[in-house]
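**Student:** my_file.tsv is the file, holding TSV, C-alpha atoms:
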```
chain	number	residue	atom	x	y	z
D	30	MET	CA	29.59	50.06	305.30
D	31	PRO	CA	28.17	50.88	301.83
D	32	LEU	CA	27.81	54.53	300.80
D	33	ALA	CA	24.09	53.99	300.20
D	34	LEU	CA	23.58	53.51	303.94
D	35	TYR	CA	24.94	56.98	304.67
D	36	LEU	CA	22.73	58.51	301.97
D	37	LEU	CA	19.71	56.80	303.50
D	38	ALA	CA	20.79	58.19	306.88
D	39	MET	CA	20.60	61.69	305.37
D	40	ALA	CA	16.91	61.16	304.64
D	41	VAL	CA	16.38	59.65	308.09
D	42	PHE	CA	17.89	62.86	309.50
D	43	ALA	CA	15.19	64.99	307.85
D	44	MET	CA	12.40	62.69	308.96
D	45	ALA	CA	13.67	62.22	312.50
D	46	THR	CA	14.02	65.98	312.86
D	47	SER	CA	10.30	66.21	312.14
D	48	GLU	CA	9.40	63.36	314.48
D	49	PHE	CA	11.36	64.77	317.43
D	50	MET	CA	11.09	68.52	316.79
D	51	LEU	CA	7.75	68.99	318.55
D	52	ALA	CA	9.53	68.61	321.90
D	53	GLY	CA	10.74	72.20	321.52
D	54	LEU	CA	7.74	73.61	319.64
D	55	LEU	CA	4.71	72.55	321.67
D	56	PRO	CA	4.29	75.80	323.65
D	57	GLY	CA	4.38	77.89	320.46
D	58	ILE	CA	1.96	75.60	318.59
D	59	ALA	CA	-0.43	75.55	321.54
D	60	ALA	CA	-0.46	79.34	321.81
D	61	ASP	CA	-0.79	79.95	318.06
D	62	LEU	CA	-3.60	77.44	317.47
D	63	ASP	CA	-5.36	78.09	320.80
D	64	VAL	CA	-5.06	74.61	322.30
D	65	THR	CA	-3.50	73.34	325.52
D	66	VAL	CA	0.07	72.04	325.65
D	67	GLY	CA	-1.31	68.58	326.42
D	68	THR	CA	-3.52	68.72	323.31
D	69	ALA	CA	-0.60	69.93	321.22
D	70	GLY	CA	1.36	66.96	322.57
D	71	THR	CA	-1.08	64.60	320.84
D	72	LEU	CA	0.59	65.63	317.58
D	73	THR	CA	3.47	63.37	318.62
D	74	SER	CA	1.05	60.50	319.14
D	75	ALA	CA	-0.64	61.26	315.79
D	76	PHE	CA	2.70	60.92	314.07
D	77	ALA	CA	3.48	57.70	315.89
D	78	ILE	CA	0.05	56.19	315.14
D	79	GLY	CA	0.56	56.98	311.47
D	80	MET	CA	3.93	55.25	311.67
D	81	VAL	CA	2.45	52.14	313.28
D	82	VAL	CA	-0.33	51.82	310.70
D	83	GLY	CA	1.81	52.94	307.81
D	84	ALA	CA	4.82	50.69	308.36
D	85	PRO	CA	3.26	47.34	307.37
D	86	LEU	CA	0.77	48.95	304.96
D	87	MET	CA	3.35	50.93	302.99
D	88	ALA	CA	5.92	48.13	303.11
D	89	GLY	CA	3.33	45.75	301.68
D	90	LEU	CA	2.46	48.18	298.89
D	91	ALA	CA	6.11	48.86	298.08
D	92	ARG	CA	7.44	45.28	298.34
D	93	ASN	CA	7.25	44.67	294.58
D	94	ARG	CA	8.63	48.06	293.56
D	95	PRO	CA	12.30	49.02	293.14
D	96	ALA	CA	13.64	50.32	296.44
D	97	ARG	CA	14.85	53.61	294.99
D	98	SER	CA	11.50	54.66	293.49
D	99	GLY	CA	9.65	53.71	296.65
D	100	LEU	CA	12.02	55.64	298.88
D	101	LEU	CA	11.88	58.70	296.62
D	102	GLY	CA	8.08	58.70	296.53
D	103	PHE	CA	7.86	58.59	300.31
D	104	VAL	CA	10.25	61.55	300.65
D	105	VAL	CA	8.18	63.67	298.23
D	106	VAL	CA	4.92	62.99	300.11
D	107	PHE	CA	6.68	63.72	303.40
D	108	ALA	CA	7.87	67.12	302.14
D	109	ALA	CA	4.42	68.04	300.81
D	110	ALA	CA	2.79	67.27	304.18
D	111	HIS	CA	5.17	69.69	305.89
D	112	VAL	CA	4.42	72.45	303.41
D	113	LEU	CA	0.71	72.07	304.19
D	114	GLY	CA	1.40	71.95	307.93
D	115	ALA	CA	3.43	75.14	307.76
D	116	THR	CA	0.57	77.04	306.10
D	117	THR	CA	-2.49	75.86	308.03
D	118	ALA	CA	-4.22	77.77	310.85
D	119	SER	CA	-6.29	74.75	311.90
D	120	PHE	CA	-5.19	72.30	314.55
D	121	PRO	CA	-7.22	69.41	313.02
D	122	VAL	CA	-5.55	70.04	309.65
D	123	LEU	CA	-2.13	70.14	311.32
D	124	PHE	CA	-3.02	66.89	313.07
D	125	ALA	CA	-3.93	65.34	309.72
D	126	THR	CA	-0.67	66.46	308.12
D	127	ARG	CA	1.24	64.76	310.92
D	128	VAL	CA	-0.55	61.49	310.15
D	129	ILE	CA	0.18	61.83	306.41
D	130	ALA	CA	3.83	62.67	307.07
D	131	ALA	CA	4.02	59.68	309.38
D	132	LEU	CA	2.61	57.33	306.75
D	133	ALA	CA	5.31	58.51	304.35
D	134	ASN	CA	7.98	58.26	307.04
D	135	ALA	CA	6.82	54.77	307.96
D	136	GLY	CA	6.99	53.59	304.38
D	137	PHE	CA	10.42	55.10	303.93
D	138	LEU	CA	11.85	53.66	307.13
D	139	ALA	CA	10.36	50.21	306.56
D	140	VAL	CA	11.89	50.02	303.08
D	141	ALA	CA	15.15	51.61	304.26
D	142	LEU	CA	15.57	49.13	307.12
D	143	THR	CA	14.99	46.20	304.81
D	144	THR	CA	17.31	47.71	302.20
D	145	ALA	CA	20.02	48.30	304.81
D	146	ALA	CA	19.85	44.68	305.95
D	147	ARG	CA	20.28	43.50	302.34
D	148	LEU	CA	23.30	45.72	301.71
D	149	VAL	CA	25.46	44.08	304.40
D	150	ALA	CA	26.50	40.62	305.52
D	151	ALA	CA	24.00	38.56	307.50
D	152	ASP	CA	25.80	39.16	310.80
D	153	GLN	CA	26.17	42.94	310.40
D	154	LYS	CA	22.56	44.06	310.72
D	155	GLY	CA	23.27	45.82	314.01
D	156	ARG	CA	26.07	47.90	312.49
D	157	ALA	CA	23.97	48.71	309.43
D	158	LEU	CA	21.11	49.78	311.68
D	159	ALA	CA	23.48	51.97	313.70
D	160	VAL	CA	24.58	53.76	310.51
D	161	LEU	CA	20.99	54.23	309.35
D	162	LEU	CA	19.83	55.47	312.74
D	163	SER	CA	22.78	57.85	312.95
D	164	GLY	CA	20.41	60.10	311.02
D	165	THR	CA	18.12	59.98	314.04
D	166	THR	CA	20.87	60.81	316.49
D	167	ALA	CA	22.12	63.60	314.22
D	168	ALA	CA	18.58	64.96	314.26
D	169	THR	CA	18.48	65.00	318.06
D	170	ILE	CA	21.93	66.62	318.23
D	171	ALA	CA	21.55	69.21	315.49
D	172	GLY	CA	18.20	69.14	313.71
D	173	VAL	CA	15.83	69.26	316.66
D	174	PRO	CA	17.74	71.90	318.69
D	175	ALA	CA	18.18	74.01	315.56
D	176	GLY	CA	14.48	73.68	314.92
D	177	SER	CA	13.78	74.75	318.48
D	178	VAL	CA	15.94	77.85	318.09
D	179	LEU	CA	14.36	78.61	314.72
D	180	GLY	CA	10.93	78.20	316.27
D	181	SER	CA	11.83	80.54	319.13
D	182	LEU	CA	13.14	83.21	316.74
D	183	LEU	CA	10.78	82.91	313.77
D	184	GLY	CA	7.87	80.81	315.01
D	185	TRP	CA	7.11	77.10	314.79
D	186	ARG	CA	6.02	77.33	311.15
D	187	ALA	CA	9.57	78.19	310.09
D	188	THR	CA	10.71	74.83	311.44
D	189	PHE	CA	8.14	73.01	309.31
D	190	TRP	CA	9.40	74.87	306.23
D	191	ALA	CA	12.98	73.94	307.14
D	192	VAL	CA	12.11	70.23	307.34
D	193	ALA	CA	10.45	70.41	303.92
D	194	ALA	CA	13.65	71.99	302.56
D	195	LEU	CA	15.78	69.24	304.10
D	196	CYS	CA	13.94	66.70	301.97
D	197	LEU	CA	15.47	68.09	298.78
D	198	PRO	CA	19.09	66.96	299.37
D	199	ALA	CA	17.72	63.72	300.84
D	200	ALA	CA	15.85	63.04	297.60
D	201	LEU	CA	18.96	63.80	295.53
D	202	GLY	CA	20.99	61.46	297.71
D	203	ILE	CA	18.51	58.65	297.12
D	204	LEU	CA	18.57	59.19	293.35
D	205	LYS	CA	22.35	59.26	293.13
D	206	GLY	CA	23.40	56.70	295.72
D	207	VAL	CA	20.73	54.06	296.26
D	208	PRO	CA	20.57	51.17	293.77
D	209	ALA	CA	17.21	50.84	292.05
D	210	SER	CA	16.89	47.41	293.61
D	211	PRO	CA	19.61	46.12	295.95
D	212	ALA	CA	17.80	42.81	296.16
D	213	PRO	CA	18.51	40.14	293.58
D	214	ALA	CA	16.40	40.46	290.48
D	215	ASP	CA	15.10	36.94	290.91
D	216	THR	CA	12.34	37.05	293.53
D	217	SER	CA	10.91	33.59	292.79
D	218	HIS	CA	12.15	32.28	296.13
D	219	ARG	CA	10.87	35.24	298.13
D	220	PRO	CA	8.12	34.30	300.60
D	221	ALA	CA	4.56	35.33	299.81
D	222	LEU	CA	3.18	38.30	301.74
D	223	ARG	CA	0.93	36.04	303.76
D	224	ALA	CA	3.88	33.90	304.80
D	225	GLU	CA	5.77	37.02	305.88
D	226	LEU	CA	2.81	38.21	307.97
D	227	VAL	CA	2.65	34.82	309.70
D	228	GLN	CA	6.05	35.66	311.20
D	229	LEU	CA	4.20	38.00	313.58
D	230	THR	CA	2.85	34.95	315.42
D	231	SER	CA	6.37	34.01	316.54
D	232	PRO	CA	6.60	34.39	320.35
D	233	ARG	CA	10.24	35.47	320.10
D	234	LEU	CA	9.42	38.22	317.62
D	235	ALA	CA	6.41	39.33	319.67
D	236	LEU	CA	8.58	39.58	322.78
D	237	VAL	CA	11.28	41.78	321.30
D	238	MET	CA	8.63	43.97	319.64
D	239	LEU	CA	6.87	44.41	322.99
D	240	LEU	CA	10.09	45.28	324.79
D	241	GLY	CA	11.09	47.71	322.05
D	242	ALA	CA	7.69	49.39	322.27
D	243	LEU	CA	7.89	49.77	326.06
D	244	VAL	CA	11.41	51.23	326.05
D	245	ASN	CA	10.53	53.64	323.26
D	246	ALA	CA	7.31	54.63	325.01
D	247	ALA	CA	9.43	55.66	327.98
D	248	THR	CA	11.76	57.66	325.73
D	249	PHE	CA	8.97	59.60	324.03
D	250	ALA	CA	6.96	60.11	327.20
D	251	SER	CA	9.70	62.26	328.70
D	252	PHE	CA	11.32	63.64	325.54
D	253	THR	CA	8.03	65.10	324.30
D	254	PHE	CA	7.53	67.11	327.47
D	255	LEU	CA	11.11	68.08	328.33
D	256	ALA	CA	10.53	71.75	327.47
D	257	PRO	CA	8.14	72.44	330.41
D	258	VAL	CA	10.57	70.70	332.78
D	259	VAL	CA	13.48	72.83	331.59
D	260	THR	CA	11.68	76.18	331.70
D	261	GLY	CA	9.38	75.39	334.62
D	262	THR	CA	10.86	72.99	337.15
D	263	ALA	CA	14.50	73.83	336.47
D	264	GLY	CA	13.74	77.53	336.00
D	265	LEU	CA	15.97	77.90	332.93
D	266	GLY	CA	15.38	80.24	329.99
D	267	GLU	CA	13.63	79.18	326.79
D	268	LEU	CA	16.86	78.87	324.80
D	269	TRP	CA	18.06	76.29	327.33
D	270	VAL	CA	15.50	73.92	325.84
D	271	SER	CA	17.71	73.66	322.76
D	272	ALA	CA	20.78	72.99	324.91
D	273	VAL	CA	19.00	70.19	326.74
D	274	LEU	CA	17.86	68.66	323.46
D	275	VAL	CA	21.46	68.77	322.21
D	276	LEU	CA	22.61	66.92	325.31
D	277	PHE	CA	19.94	64.28	324.86
D	278	GLY	CA	21.01	63.95	321.21
D	279	LEU	CA	24.68	63.62	322.11
D	280	GLY	CA	23.78	60.92	324.58
D	281	SER	CA	21.70	59.11	321.97
D	282	PHE	CA	24.65	59.21	319.55
D	283	VAL	CA	26.95	57.67	322.13
D	284	GLY	CA	24.38	55.03	323.06
D	285	ILE	CA	23.52	53.97	319.53
D	286	THR	CA	27.19	53.92	318.49
D	287	VAL	CA	28.22	51.67	321.36
D	288	ALA	CA	25.18	49.43	320.94
D	289	GLY	CA	25.84	49.14	317.21
D	290	ARG	CA	29.21	47.57	317.96
D	291	VAL	CA	27.88	44.88	320.29
D	292	SER	CA	24.18	44.36	319.53
D	293	ASP	CA	24.82	41.81	316.78
D	294	HIS	CA	26.74	39.45	319.04
D	295	ARG	CA	25.97	40.41	322.67
D	296	PRO	CA	22.52	41.98	322.92
D	297	GLY	CA	21.98	40.47	326.35
D	298	LEU	CA	24.90	42.49	327.72
D	299	VAL	CA	23.35	45.77	326.56
D	300	LEU	CA	19.98	44.90	328.05
D	301	THR	CA	21.32	43.53	331.34
D	302	LEU	CA	23.55	46.51	332.06
D	303	GLY	CA	21.50	49.28	330.50
D	304	GLY	CA	17.98	48.27	331.49
D	305	PRO	CA	18.21	48.76	335.28
D	306	LEU	CA	20.20	51.99	334.84
D	307	LEU	CA	17.57	53.38	332.49
D	308	ALA	CA	14.77	52.42	334.88
D	309	LEU	CA	16.51	54.23	337.76
D	310	GLY	CA	17.47	57.23	335.65
D	311	TRP	CA	13.97	58.52	334.90
D	312	PRO	CA	12.77	58.82	338.52
D	313	SER	CA	16.18	60.23	339.47
D	314	LEU	CA	15.67	62.93	336.86
D	315	ALA	CA	12.22	63.65	338.28
D	316	VAL	CA	13.63	64.07	341.81
D	317	LEU	CA	16.57	66.23	340.71
D	318	ALA	CA	14.92	68.22	337.92
D	319	ASP	CA	14.98	71.43	339.95
D	320	ARG	CA	18.79	71.29	340.00
D	321	PRO	CA	20.03	72.40	336.56
D	322	ALA	CA	23.45	70.69	336.79
D	323	ALA	CA	21.90	67.33	337.68
D	324	LEU	CA	19.25	67.79	335.01
D	325	LEU	CA	21.86	68.29	332.29
D	326	VAL	CA	23.93	65.26	333.30
D	327	LEU	CA	20.92	62.96	333.61
D	328	VAL	CA	19.43	64.06	330.30
D	329	PHE	CA	22.67	63.04	328.56
D	330	LEU	CA	22.77	59.68	330.33
D	331	GLN	CA	19.12	58.94	329.64
D	332	GLY	CA	19.58	59.74	325.98
D	333	ALA	CA	22.49	57.28	325.80
D	334	LEU	CA	20.72	54.50	327.65
D	335	SER	CA	17.40	54.97	325.85
D	336	PHE	CA	18.91	54.67	322.40
D	337	ALA	CA	21.33	51.91	323.33
D	338	LEU	CA	18.48	49.72	324.54
D	339	GLY	CA	16.02	50.85	321.89
D	340	SER	CA	18.35	50.25	318.94
D	341	THR	CA	19.43	46.88	320.32
D	342	LEU	CA	15.82	45.72	320.59
D	343	ILE	CA	14.99	46.99	317.11
D	344	THR	CA	18.00	45.07	315.80
D	345	ARG	CA	16.64	41.94	317.45
D	346	VAL	CA	13.34	42.50	315.64
D	347	LEU	CA	15.20	42.41	312.31
D	348	TYR	CA	16.91	39.18	313.29
D	349	GLU	CA	13.78	37.47	314.59
D	350	ALA	CA	11.84	38.53	311.46
D	351	SER	CA	14.50	37.23	309.07
D	352	GLY	CA	11.85	34.97	307.55
D	353	ALA	CA	10.03	38.10	306.35
D	354	PRO	CA	12.67	39.72	304.11
D	355	THR	CA	10.44	42.48	302.69
D	356	MET	CA	8.37	43.15	305.83
D	357	ALA	CA	10.95	42.90	308.65
D	358	GLY	CA	11.70	46.62	308.47
D	359	SER	CA	8.02	47.43	308.89
D	360	TYR	CA	7.80	45.25	312.00
D	361	ALA	CA	10.77	47.08	313.51
D	362	THR	CA	9.22	50.44	312.59
D	363	ALA	CA	5.86	49.45	314.06
D	364	ALA	CA	7.40	48.31	317.34
D	365	PHE	CA	9.37	51.54	317.65
D	366	ASN	CA	6.33	53.70	317.01
D	367	ILE	CA	3.76	51.83	319.05
D	368	GLY	CA	5.85	53.08	321.93
D	369	ALA	CA	6.09	56.56	320.43
D	370	ALA	CA	2.28	56.66	320.26
D	371	ILE	CA	1.55	55.33	323.74
D	372	GLY	CA	4.27	57.18	325.66
D	373	PRO	CA	3.15	60.79	324.99
D	374	LEU	CA	-0.51	59.90	325.64
D	375	LEU	CA	0.33	58.46	329.06
D	376	ALA	CA	2.64	61.40	329.76
D	377	ALA	CA	-0.02	63.94	328.76
D	378	ALA	CA	-2.47	62.28	331.13
D	379	SER	CA	0.05	62.56	333.97
D	380	LEU	CA	0.33	66.34	333.49
D	381	GLY	CA	-3.12	66.76	335.02
D	382	THR	CA	-2.18	64.89	338.19
D	383	ALA	CA	-0.37	66.10	341.31
D	384	LEU	CA	2.90	65.19	339.58
D	385	SER	CA	2.32	68.03	337.09
D	386	LYS	CA	5.33	68.70	334.80
D	387	LEU	CA	7.30	65.83	336.34
D	388	GLY	CA	4.60	63.27	335.58
D	389	PRO	CA	6.12	62.19	332.25
D	390	LEU	CA	9.43	61.35	333.94
D	391	TRP	CA	7.71	59.05	336.43
D	392	VAL	CA	5.69	57.47	333.61
D	393	SER	CA	8.95	56.72	331.78
D	394	GLY	CA	10.40	55.04	334.83
D	395	LEU	CA	7.34	52.83	335.22
D	396	LEU	CA	7.39	51.83	331.55
D	397	VAL	CA	11.03	50.73	331.67
D	398	ALA	CA	10.38	48.88	334.94
D	399	LEU	CA	7.52	47.04	333.22
D	400	ALA	CA	9.82	46.11	330.35
D	401	LEU	CA	12.33	44.68	332.83
D	402	LEU	CA	9.63	42.67	334.59
D	403	VAL	CA	8.58	41.17	331.26
D	404	ALA	CA	12.13	40.57	330.05
D	405	PHE	CA	13.72	39.10	333.18
D	406	PRO	CA	12.01	35.68	333.23
D	407	LEU	CA	12.41	35.45	329.44
D	408	ARG	CA	15.96	36.80	329.18
D	409	GLY	CA	17.20	33.54	327.65
D	410	VAL	CA	14.80	34.00	324.74
D	411	ILE	CA	16.25	37.40	323.85
D	412	ALA	CA	19.84	36.21	323.49
D	413	PRO	CA	19.94	32.41	323.61
D	414	GLY	CA	23.16	31.81	321.74
D	415	ARG	CA	23.52	31.30	318.00
D	416	SER	CA	21.24	30.31	315.20
D	417	PRO	CA	22.02	29.68	311.58
D	418	GLU	CA	20.37	32.96	310.63
D	419	ALA	CA	22.21	35.38	312.83
D	420	PRO	CA	24.34	35.68	315.91
D	421	ARG	CA	22.51	36.08	319.15
```
Let me see whether you can do it: turn the structure in this file into structure tokens.

**Tutor:**
Amino acid sequence: MPLALYLLAMAVFAMATSEFMLAGLLPGIAADLDVTVGTAGTLTSAFAIGMVVGAPLMAGLARNRPARSGLLGFVVVFAAAHVLGATTASFPVLFATRVIAALANAGFLAVALTTAARLVAADQKGRALAVLLSGTTAATIAGVPAGSVLGSLLGWRATFWAVAALCLPAALGILKGVPASPAPADTSHRPALRAELVQLTSPRLALVMLLGALVNAATFASFTFLAPVVTGTAGLGELWVSAVLVLFGLGSFVGITVAGRVSDHRPGLVLTLGGPLLALGWPSLAVLADRPAALLVLVFLQGALSFALGSTLITRVLYEASGAPTMAGSYATAAFNIGAAIGPLLAAASLGTALSKLGPLWVSGLLVALALLVAFPLRGVIAPGRSPEAPR
């Protein structure tokens, strides 16, 4: 895999740390800004909504610019939003900074996904995506838990400052390692923007985007509200939140690594084996959450299964949107973050029911079950064999 992919993954690490870090910071933010934990949880949805809107918008604006300058600009805006977030005492302002950061993140990821696909052979998109998203798994293993510990020791604002600082080496990596334009200089044969947008009417593309959104909604529904489960239901200390996040991150690394090896050629295998296990895992975690040993094991497994399925489906989006070479990354980003927006909102609503802290886990189980119900009668569409564009 090209060195540029690993440098892009460094920037993804900084951005994914920000996207996931609220899972360990919500109680502190809620107390400091005088809002409920459920209200603080809407910051995750704000970020995801910004990603959904920003992915196609920013990709469209950046499609005629060199990849390197576009990526660098997005990183700078992302860092600035975190500086403002770290200094504000207003929840609405913090909410707004999350949207701005998400717009920048969306633009970066949309361009990075498209760039990654161009840097490798046509049948290696899954492996390229696995390298790029290794920044996400590294964030869940190291960045998010470290941010949680930093937030516990120095307050949640310190974590925002740390994310802003992480953007500096990411920006240097982009400048030094990413070609100004990995695409051929001649763009005369590139489809018009309107033609690329028409790709969204493809039933196959719509299906994999829907499935990706549902699986990711399940992931974020539970991940966002893991801290109350750890400290409340399981009765563990606050620092155990970081340990649980590390386990989830380790699981996600295993899942995305394995899926990266097989998702190009056998996506149906990942979905057939992993889907039912993921659907059973969330309610099992809800039932056994008061047993710390079971909680730790299941968190690891759910992290692995969630990212194996999620990354496989996002890879399929890139394949199905191959007719939209500059916008495919934005479609993958939008699908991923539609789920990230919906999941925490549904989970927050469940906190006020009799299910209380365990509500998000049950919501996750229902979302994956819905994805399976949609996918089962259409499973042949997801992995029908081979096409000239890419292996199925």

**Student:** Please report, as a Markdown table, each residue of segment 64-152 of chain D lying at most 12 Å from segment 380-401 of chain D, together with the nearest pair of atoms and the separation in Å rounded to one decimal; use all atoms listed in the file, and order rows by chain and ascending residue number.

**Tutor:**
```
| residue | atom | partner | partner_atom | distance |
| --- | --- | --- | --- | --- |
| D:Thr65 | CA | D:Leu380 | CA | 11.3 |
| D:Val66 | CA | D:Leu380 | CA | 9.7 |
| D:Gly67 | CA | D:Leu380 | CA | 7.6 |
| D:Thr68 | CA | D:Leu380 | CA | 11.1 |
| D:Gly70 | CA | D:Leu380 | CA | 11.0 |
```

**Student:** May I have the residues within 7 Å of Trp185 of chain D as a PyMOL selection string, using only C-alpha atoms and disregarding those fewer than 5 positions away in the same chain?

**Tutor:** chain D and resi 54+57-58+180

**Student:** Tell me, in Å to one decimal, how far atom CA of Ala199 of chain D is from atom CA of Ala40 of chain D.

**Tutor:**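 Between atom CA of Ala199 of chain D and atom CA of Ala40 of chain D the gap is 4.7 Å.
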
**Student:** Compare D:Val346, D:Val128, D:Ala357, D:Ala246 by their minimum atom-to-atom distance to Ala369 of chain D, counting only C-alpha atoms, and give me the closest one.

**Tutor:**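 Among the listed residues, the smallest separation from Ala369 of chain D belongs to D:Ala246.
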
**Student:** May I have the residues within 9 Å of Val207 of chain D as a tab-separated table (two decimals) with C-alpha atoms, in the coordinates of the input, using all atoms listed in the file and disregarding those fewer than 6 positions away in the same chain?

**Tutor:**
```
chain	number	residue	atom	x	y	z
D	32	LEU	CA	27.81	54.53	300.80
D	33	ALA	CA	24.09	53.99	300.20
D	34	LEU	CA	23.58	53.51	303.94
D	36	LEU	CA	22.73	58.51	301.97
D	37	LEU	CA	19.71	56.80	303.50
D	96	ALA	CA	13.64	50.32	296.44
D	97	ARG	CA	14.85	53.61	294.99
```

**Student:** How far is it from atom CA of Gly176 of chain D to atom CA of Val82 of chain D, in Å with one decimal?

**Tutor:** 26.7 Å

**Student:** Just want the 7 Å neighbourhood of segment 317-332 of chain D, counted on only C-alpha atoms, with same-chain residues fewer than 6 positions away dropped. Output as a PyMOL selection string.

**Tutor:** chain D and resi 262-263+273+276-281+307+310
